[in-house]
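Trainee: Structure file start_9.cif, mmCIF, C-alpha atoms, is pasted below:
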data_target
#
loop_
_atom_site.label_atom_id
_atom_site.label_comp_id
_atom_site.auth_asym_id
_atom_site.auth_seq_id
_atom_site.Cartn_x
_atom_site.Cartn_y
_atom_site.Cartn_z
CA MET A 769 2.50 -13.00 -1.95
CA ILE A 770 4.08 -16.39 -2.59
CA PRO A 771 3.48 -17.46 -6.23
CA ILE A 772 2.75 -21.13 -5.46
CA VAL A 773 -0.51 -22.73 -6.59
CA ASP A 774 -1.25 -26.35 -5.61
CA GLY A 775 2.39 -26.84 -4.67
CA LYS A 776 3.67 -25.55 -8.02
CA LEU A 777 5.69 -22.39 -8.56
CA GLU A 778 3.54 -20.38 -10.94
CA GLN A 779 4.24 -17.46 -13.26
CA PHE A 780 1.95 -14.44 -13.45
CA SER A 781 1.59 -11.39 -15.65
CA ALA A 782 -0.72 -8.39 -15.85
CA ARG A 783 -3.79 -9.40 -17.87
CA GLY A 784 -6.22 -6.53 -17.44
CA LEU A 785 -8.20 -4.52 -14.92
CA TYR A 786 -10.50 -5.55 -12.07
CA ASN A 787 -12.12 -2.87 -9.90
CA GLY A 788 -9.93 -0.40 -11.75
CA LEU A 789 -6.78 -2.20 -10.55
CA VAL A 790 -4.29 -4.51 -12.24
CA LEU A 791 -5.53 -8.09 -12.61
CA MET A 792 -2.97 -10.91 -12.64
CA GLY A 793 -3.25 -14.03 -14.77
CA ASP A 794 -1.36 -17.31 -14.35
CA TYR A 795 0.28 -18.98 -17.35
CA THR A 796 -0.85 -22.54 -16.61
CA THR A 797 -4.66 -22.20 -16.42
CA ASN A 798 -5.18 -18.54 -17.37
CA SER A 799 -7.03 -18.03 -14.10
CA TYR A 800 -7.31 -14.44 -12.88
CA TRP A 801 -6.06 -13.27 -9.48
CA ASP A 802 -6.55 -10.14 -7.38
CA HIS A 803 -3.06 -8.70 -6.95
CA ILE A 804 -3.88 -7.20 -3.54
CA THR A 805 -5.66 -10.02 -1.71
CA GLY A 806 -4.12 -12.90 -3.67
CA GLU A 807 -7.55 -14.42 -4.28
CA CYS A 808 -8.42 -16.08 -7.58
CA VAL A 809 -11.53 -14.30 -8.90
CA HIS A 810 -12.11 -16.21 -12.15
CA GLY A 811 -11.05 -19.45 -13.80
CA GLU A 812 -10.03 -22.96 -12.80
CA HIS A 813 -8.59 -21.81 -9.46
CA LEU A 814 -11.63 -19.69 -8.50
CA GLY A 815 -11.69 -19.08 -4.74
CA LYS A 816 -8.13 -20.24 -4.07
CA GLN A 817 -5.84 -17.97 -2.12
CA LEU A 818 -2.13 -17.25 -2.52
CA ASP A 819 -0.17 -17.20 0.73
CA PHE A 820 1.39 -13.97 1.95
CA THR A 821 5.02 -13.50 2.89
CA ASP A 822 6.26 -11.30 5.75
CA PHE A 823 8.50 -9.39 3.34
CA ASP A 824 7.79 -5.64 3.35
CA LEU A 825 7.49 -3.90 0.00
CA LEU A 826 7.33 -0.20 0.81
CA TYR A 827 6.61 2.81 -1.35
CA THR A 828 9.67 5.03 -1.06
CA THR A 829 12.22 7.26 -2.76
CA VAL A 830 15.94 6.66 -3.36
CA GLU A 831 16.68 9.10 -0.54
CA GLY A 832 14.26 7.29 1.76
CA ALA A 833 15.70 3.88 0.91
CA LEU A 834 19.25 5.06 1.58
CA THR A 835 18.15 6.58 4.87
CA MET A 836 16.91 3.16 6.00
CA ARG A 837 19.71 1.20 4.33
CA PRO A 838 22.80 3.42 3.81
CA ASP A 839 24.78 0.47 2.39
CA ALA A 840 22.12 -0.46 -0.18
CA ASP A 841 23.13 -0.76 -3.84
CA TYR A 842 21.07 1.17 -6.36
CA ALA A 843 21.14 2.05 -10.04
CA VAL A 844 19.89 5.14 -11.84
CA SER A 845 18.91 4.90 -15.48
CA ASN A 846 17.77 7.60 -17.88
CA ASN A 847 16.97 5.08 -20.60
CA MET A 848 13.21 5.20 -20.19
CA PRO A 849 11.41 3.65 -23.20
CA LEU A 850 9.84 6.11 -25.63
CA ARG A 851 6.33 5.10 -24.53
CA GLY A 852 7.24 5.70 -20.90
CA ARG A 853 8.66 9.16 -21.64
CA PHE A 854 5.54 10.03 -23.63
CA MET A 855 3.20 8.87 -20.84
CA LYS A 856 5.18 10.80 -18.23
CA MET A 857 4.81 13.92 -20.35
CA ILE A 858 1.04 13.67 -20.93
CA GLN A 859 -0.04 12.31 -17.52
CA PRO A 860 -0.40 15.80 -15.96
CA ILE A 861 -2.63 16.78 -18.88
CA ILE A 862 -4.76 13.63 -18.50
CA HIS A 863 -5.15 14.20 -14.75
CA LYS A 864 -6.20 17.79 -15.36
CA ILE A 865 -8.85 16.72 -17.89
CA LEU A 866 -10.21 13.84 -15.80
CA GLY A 867 -10.11 15.65 -12.46
CA ASP A 868 -11.58 13.35 -9.80
CA ARG A 869 -12.80 10.74 -12.26
CA LEU A 870 -11.54 7.39 -13.49
CA PRO A 871 -10.56 6.91 -17.14
CA PRO A 872 -13.38 5.35 -19.24
CA HIS A 873 -11.63 1.97 -19.58
CA PHE A 874 -11.31 1.84 -15.78
CA VAL A 875 -14.98 2.70 -15.24
CA ARG A 876 -16.08 -0.36 -17.25
CA THR A 877 -14.43 -2.65 -14.66
CA VAL A 878 -16.01 -1.26 -11.49
CA GLY A 879 -19.37 -1.35 -9.73
CA GLU A 880 -21.16 1.21 -7.60
CA ALA A 881 -18.70 3.60 -5.96
CA ASP A 882 -18.34 4.13 -2.22
CA THR A 883 -18.94 7.89 -1.97
CA ARG A 884 -17.63 8.38 1.57
CA ARG A 885 -14.39 9.68 0.00
CA THR A 886 -13.71 11.08 -3.45
CA VAL A 887 -12.64 8.55 -6.07
CA MET A 888 -9.02 9.68 -6.42
CA ASP A 889 -8.44 10.45 -2.74
CA LEU A 890 -5.06 9.14 -1.51
CA GLY A 891 -4.44 7.27 1.71
CA LEU A 892 -2.98 4.23 3.42
CA GLY A 893 -5.11 1.10 3.47
CA ILE A 894 -4.45 -1.52 6.17
CA TRP A 895 -6.09 -4.92 6.40
CA THR A 896 -6.02 -8.13 8.39
CA ASP A 897 -8.08 -11.32 8.18
CA ASN A 898 -10.83 -9.62 10.18
CA ALA A 899 -10.58 -5.87 9.58
CA SER A 900 -9.79 -3.24 6.96
CA ARG A 901 -9.24 0.48 7.55
CA TYR A 902 -8.37 3.46 5.36
CA TYR A 903 -6.28 6.39 6.64
CA PRO A 904 -6.70 9.52 4.46
CA LEU A 905 -3.36 11.05 3.47
CA GLU A 906 -4.50 14.52 4.54
CA THR A 907 -5.21 13.17 8.04
CA LEU A 908 -1.79 11.54 8.34
CA LYS A 909 0.01 14.68 7.15
CA ALA A 910 -1.91 16.76 9.69
CA GLN A 911 -0.86 14.41 12.53
CA SER A 912 2.88 15.13 12.57
CA SER A 913 3.42 12.90 15.62
CA GLY A 914 1.64 9.99 13.94
CA ILE A 915 -1.36 7.97 15.07
CA LEU A 916 -1.44 5.11 17.57
CA ASP A 917 -4.47 3.04 16.67
CA SER A 918 -5.85 -0.44 17.32
CA ILE A 919 -6.80 -2.81 14.54
CA ASP A 920 -7.92 -6.39 15.02
CA GLY A 921 -6.74 -6.34 18.65
CA GLU A 922 -3.21 -5.06 17.98
CA THR A 923 -1.72 -1.58 18.37
CA VAL A 924 -0.46 -0.07 15.15
CA PHE A 925 1.48 3.14 14.57
CA VAL A 926 0.43 4.93 11.39
CA PHE A 927 2.32 8.01 10.17
CA TYR A 928 3.49 10.02 7.17
CA ASN A 929 7.17 9.29 6.63
CA GLN A 930 8.83 12.48 5.44
CA SER A 931 11.97 10.70 4.24
CA THR A 932 10.04 8.35 1.95
CA GLN A 933 7.30 10.86 1.11
CA SER A 934 4.66 8.23 1.82
CA PRO A 935 2.55 6.77 4.66
CA ASP A 936 3.77 3.82 6.68
CA ALA A 937 2.49 1.62 9.51
CA PHE A 938 3.92 -0.95 11.90
CA TYR A 939 2.87 -2.81 15.02
CA ILE A 940 4.15 -1.46 18.34
CA ASP A 941 3.41 -2.30 22.00
CA ALA A 942 2.96 1.27 23.23
CA LYS A 943 0.28 3.67 24.46
CA ASN A 944 1.89 7.05 23.73
CA VAL A 945 4.28 8.52 21.18
CA THR A 946 6.13 11.81 20.87
CA GLN A 947 8.07 13.26 17.97
CA ASP A 948 11.55 14.71 18.30
CA SER A 949 14.17 15.99 15.87
CA ASP A 950 15.42 12.46 15.12
CA GLY A 951 12.15 10.58 14.78
CA TYR A 952 9.56 9.09 17.13
CA ARG A 953 9.84 8.01 20.76
CA PHE A 954 7.36 5.56 22.34
CA ASP A 955 6.52 5.25 26.02
CA ASN A 956 7.99 1.72 26.12
CA GLY A 957 11.46 3.17 25.42
CA VAL A 958 11.50 2.11 21.76
CA ARG A 959 12.44 4.71 19.12
CA PHE A 960 11.91 4.93 15.38
CA VAL A 961 14.84 6.74 13.78
CA LYS A 962 15.79 6.90 10.08
CA GLY A 963 13.55 4.01 9.17
CA GLN A 964 14.86 1.80 11.95
CA LEU A 965 13.18 0.63 15.15
CA CYS A 966 15.60 0.73 18.08
CA SER A 967 15.47 -0.29 21.74
CA ALA A 968 16.22 2.13 24.58
CA THR A 969 19.86 0.96 24.43
CA GLY A 970 20.12 1.54 20.66
CA GLU A 971 19.78 -2.09 19.61
CA ALA A 972 18.10 -2.57 16.22
CA LEU A 973 14.71 -4.26 16.45
CA SER A 974 12.75 -6.08 13.78
CA ILE A 975 9.70 -4.29 12.41
CA LYS A 976 6.40 -6.12 12.02
CA ARG A 977 4.01 -4.46 9.62
CA PRO A 978 0.37 -5.18 8.81
CA GLN A 979 -0.66 -5.74 5.21
CA GLN A 980 -0.83 -2.24 3.79
CA MET A 981 -0.79 -0.21 0.60
CA PHE A 982 -0.54 3.44 -0.38
CA THR A 983 -3.53 3.71 -2.68
CA ARG A 984 -6.42 5.63 -4.16
CA TRP A 985 -9.73 5.40 -2.30
CA TYR A 986 -11.50 3.67 -5.17
CA GLY A 987 -8.97 0.83 -5.22
CA PHE A 988 -9.17 0.13 -1.49
CA SER A 989 -12.94 0.56 -1.15
CA TYR A 990 -13.69 -1.75 -4.08
CA THR A 991 -11.28 -4.38 -2.76
CA PHE A 992 -12.56 -4.09 0.82
CA PRO A 993 -16.25 -3.07 0.68
CA ASN A 994 -17.56 -1.41 3.86
CA CYS A 995 -14.04 -0.83 5.14
CA GLU A 996 -13.60 1.57 8.07
CA ILE A 997 -12.26 5.09 7.58
CA TYR A 998 -10.05 6.44 10.35
CA GLY A 999 -11.65 9.50 11.95
CA ASP A 1000 -15.20 8.64 10.90
CA SER A 1001 -17.54 8.08 13.82
#
Using structure tokens, write down the structure from this file.

Mentor:
Amino acid sequence: MIPIVDGKLEQFSARGLYNGLVLMGDYTTNSYWDHITGECVHGEHLGKQLDFTDFDLLYTTVEGALTMRPDADYAVSNNMPLRGRFMKMIQPIIHKILGDRLPPHFVRTVGEADTRRTVMDLGLGIWTDNASRYYPLETLKAQSSGILDSIDGETVFVFYNQSTQSPDAFYIDAKNVTQDSDGYRFDNGVRFVKGQLCSATGEALSIKRPQQMFTRWYGFSYTFPNCEIYGDS
């Protein structure tokens, strides 16, 4: 999202929870903004919308990032703050105690749950101006050759990226896809190899992605009520 409100570059910080997700607040008016949709949900700017940028921010690993961008610079630090080290240590214990439930301070920020999936189910959520769809992680992992789907009139390829250990999706003008040892091959001659989209002659192509996020079911279903679930009739 582009942090410009009424023509002014604004600063934001995390101010709390909304639907169990981080809620942003601006420094000028203390209005509150949904960090997924960019909509102001409370305050002076209620109803205003931040513009989106075409920049892709993907969930990945260092190995995955270097696969896509071998020349990328990166830094590794072991200087995690004491609080961070403590939380990393106790998180497995907390998850074991809570199971498939939200922490109490999360529950106070949400409404009635959508019970079509379990609360902590993981998947890829995709949305446009006119549609929203959730792809369960278990479904994507089971479809090793990926899924060619249509959303809001455009064909989208949704798959589990082994190199990044996360789901991914991008638009593609194709009707069939096959998987080989290097990646994916589409019936229009285009290939997806090591995080790059290439033409039949090996020329690098730009990748256009829909708005998407790797998320828990509760976060996506609260943000996009009545969203579709891939595979549900």

Trainee: From the set A:Ile858, A:Met888, A:Ile894, A:Ile975, which residue has the shortest atom-to-atom contact distance to Ile997 (chain A), counting only C-alpha atoms?

Mentor: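 Closest to Ile997 (chain A) of all the choices is A:Ile894.
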
Trainee: Name the residues, using the chain letters and numbers of the file, that sit within 10 Å of (0.0, -23.0, -8.6) when counting all atoms listed in the file, and give them as a list in words.

Mentor: Ile770, Pro771, Ile772, Val773, Asp774, Gly775, Lys776, Leu777, Glu778, Gln779, Asp794, Tyr795, Thr796, Thr797, His813, Lys816 and Leu818 of chain A

Trainee: If the PyMOL selection byres ((chain A and resi 866-880) around 12) is run on the structure shown, which residues does it catch, given as a compact mmCIF listing (two decimals) with C-alpha atoms, in the coordinates of the input?

Mentor:
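So out-v4.txt came out as:
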# COMPACT_ATOMS: atom_id res chain seq x y z
CA GLY A 784 -6.22 -6.53 -17.44
CA LEU A 785 -8.20 -4.52 -14.92
CA TYR A 786 -10.50 -5.55 -12.07
CA ASN A 787 -12.12 -2.87 -9.90
CA GLY A 788 -9.93 -0.40 -11.75
CA LEU A 789 -6.78 -2.20 -10.55
CA VAL A 790 -4.29 -4.51 -12.24
CA LEU A 791 -5.53 -8.09 -12.61
CA GLN A 859 -0.04 12.31 -17.52
CA PRO A 860 -0.40 15.80 -15.96
CA ILE A 861 -2.63 16.78 -18.88
CA ILE A 862 -4.76 13.63 -18.50
CA HIS A 863 -5.15 14.20 -14.75
CA LYS A 864 -6.20 17.79 -15.36
CA ILE A 865 -8.85 16.72 -17.89
CA ALA A 881 -18.70 3.60 -5.96
CA ASP A 882 -18.34 4.13 -2.22
CA THR A 883 -18.94 7.89 -1.97
CA ARG A 885 -14.39 9.68 0.00
CA THR A 886 -13.71 11.08 -3.45
CA VAL A 887 -12.64 8.55 -6.07
CA MET A 888 -9.02 9.68 -6.42
CA ASP A 889 -8.44 10.45 -2.74
CA LEU A 890 -5.06 9.14 -1.51
CA ARG A 984 -6.42 5.63 -4.16
CA TRP A 985 -9.73 5.40 -2.30
CA TYR A 986 -11.50 3.67 -5.17
CA GLY A 987 -8.97 0.83 -5.22
CA SER A 989 -12.94 0.56 -1.15
CA TYR A 990 -13.69 -1.75 -4.08
CA THR A 991 -11.28 -4.38 -2.76
CA PRO A 993 -16.25 -3.07 0.68

Trainee: Name the closest residue to Tyr928 (chain A) among the candidates A:Gly793, A:Gly811, A:Gly970, A:Gly891; distances are taken between atoms, counting all atoms listed in the file.

Mentor: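 Smallest separation from Tyr928 (chain A) among the options: A:Gly891.
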
Trainee: Given the file shown, determine the residues that the PyMOL selection byres ((chain A and resi 806) around 8) selects; report them as a list in words.

Mentor: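 Applying the PyMOL selection byres ((chain A and resi 806) around 8) to the structure shown produces Met769, Trp801, Asp802, His803, Ile804, Thr805, Glu807, Cys808, Gln817, Leu818, Asp819 and Phe820 of chain A.
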
Trainee: So which one's closest to Gly951 (chain A), A:Ser967, A:Ser913, A:Thr932, A:Gln979? Using all atoms listed in the file, please.

Mentor: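 Comparing A:Ser967, A:Ser913, A:Thr932, A:Gln979 against Gly951 (chain A), the winner is A:Ser913.
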
Trainee: Counting only C-alpha atoms, find residues at most 12 Å from (-15.7, 3.0, 7.2) (file frame) and give them as a PyMOL selection string.

Mentor: chain A and resi 882-885+893+899-904+985+988-989+992-1001

Trainee: Compare A:Ser949, A:Asn898, A:Ser931, A:Gln964 by their minimum atom-to-atom distance to Ile919 (chain A), counting all atoms listed in the file, and give me the closest one.

Mentor: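 The answer is A:Asn898, which sits nearest to Ile919 (chain A).
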
Trainee: Nearest residue to Lys962 (chain A) out of A:Asn929, A:Met857, A:Tyr842, A:Gln980, using all atoms listed in the file?

Mentor: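 Smallest distance to Lys962 (chain A) is found for A:Asn929.
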
Trainee: Quick one: pull the distance between CA of Ala840 (chain A) and CA of Ser974 (chain A), Å, one decimal.

Mentor: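 Those two atoms sit 17.7 Å apart.
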
Trainee: Just how far from CA of Pro935 (chain A) is CA of Thr969 (chain A), in Å to one decimal?

Mentor: 26.9 Å

Trainee: Give me, please, the distance in Å between CA of Asp920 (chain A) and CA of Pro978 (chain A), quoted to one decimal.

Mentor: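 If I compute the distance from CA of Asp920 (chain A) to CA of Pro978 (chain A), I get 10.4 Å.
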
Trainee: List the neighbours of Val958 (chain A) out to 7 Å using all atoms listed in the file; skip same-chain residues closer than 6 positions along the sequence, and give me the result as a ChimeraX atom specification.

Mentor: /A:965-968

Trainee: Keeping C-alpha atoms, export the residues of the selection given above as an mmCIF file, in the frame of the given file.

Mentor:
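The result, stored in out_25.cif:
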data_model
loop_
_atom_site.group_PDB
_atom_site.id
_atom_site.type_symbol
_atom_site.label_atom_id
_atom_site.label_comp_id
_atom_site.auth_asym_id
_atom_site.auth_seq_id
_atom_site.Cartn_x
_atom_site.Cartn_y
_atom_site.Cartn_z
ATOM 1 C CA LEU A 965 13.180 0.630 15.150
ATOM 2 C CA CYS A 966 15.600 0.730 18.080
ATOM 3 C CA SER A 967 15.470 -0.290 21.740
ATOM 4 C CA ALA A 968 16.220 2.130 24.580
#
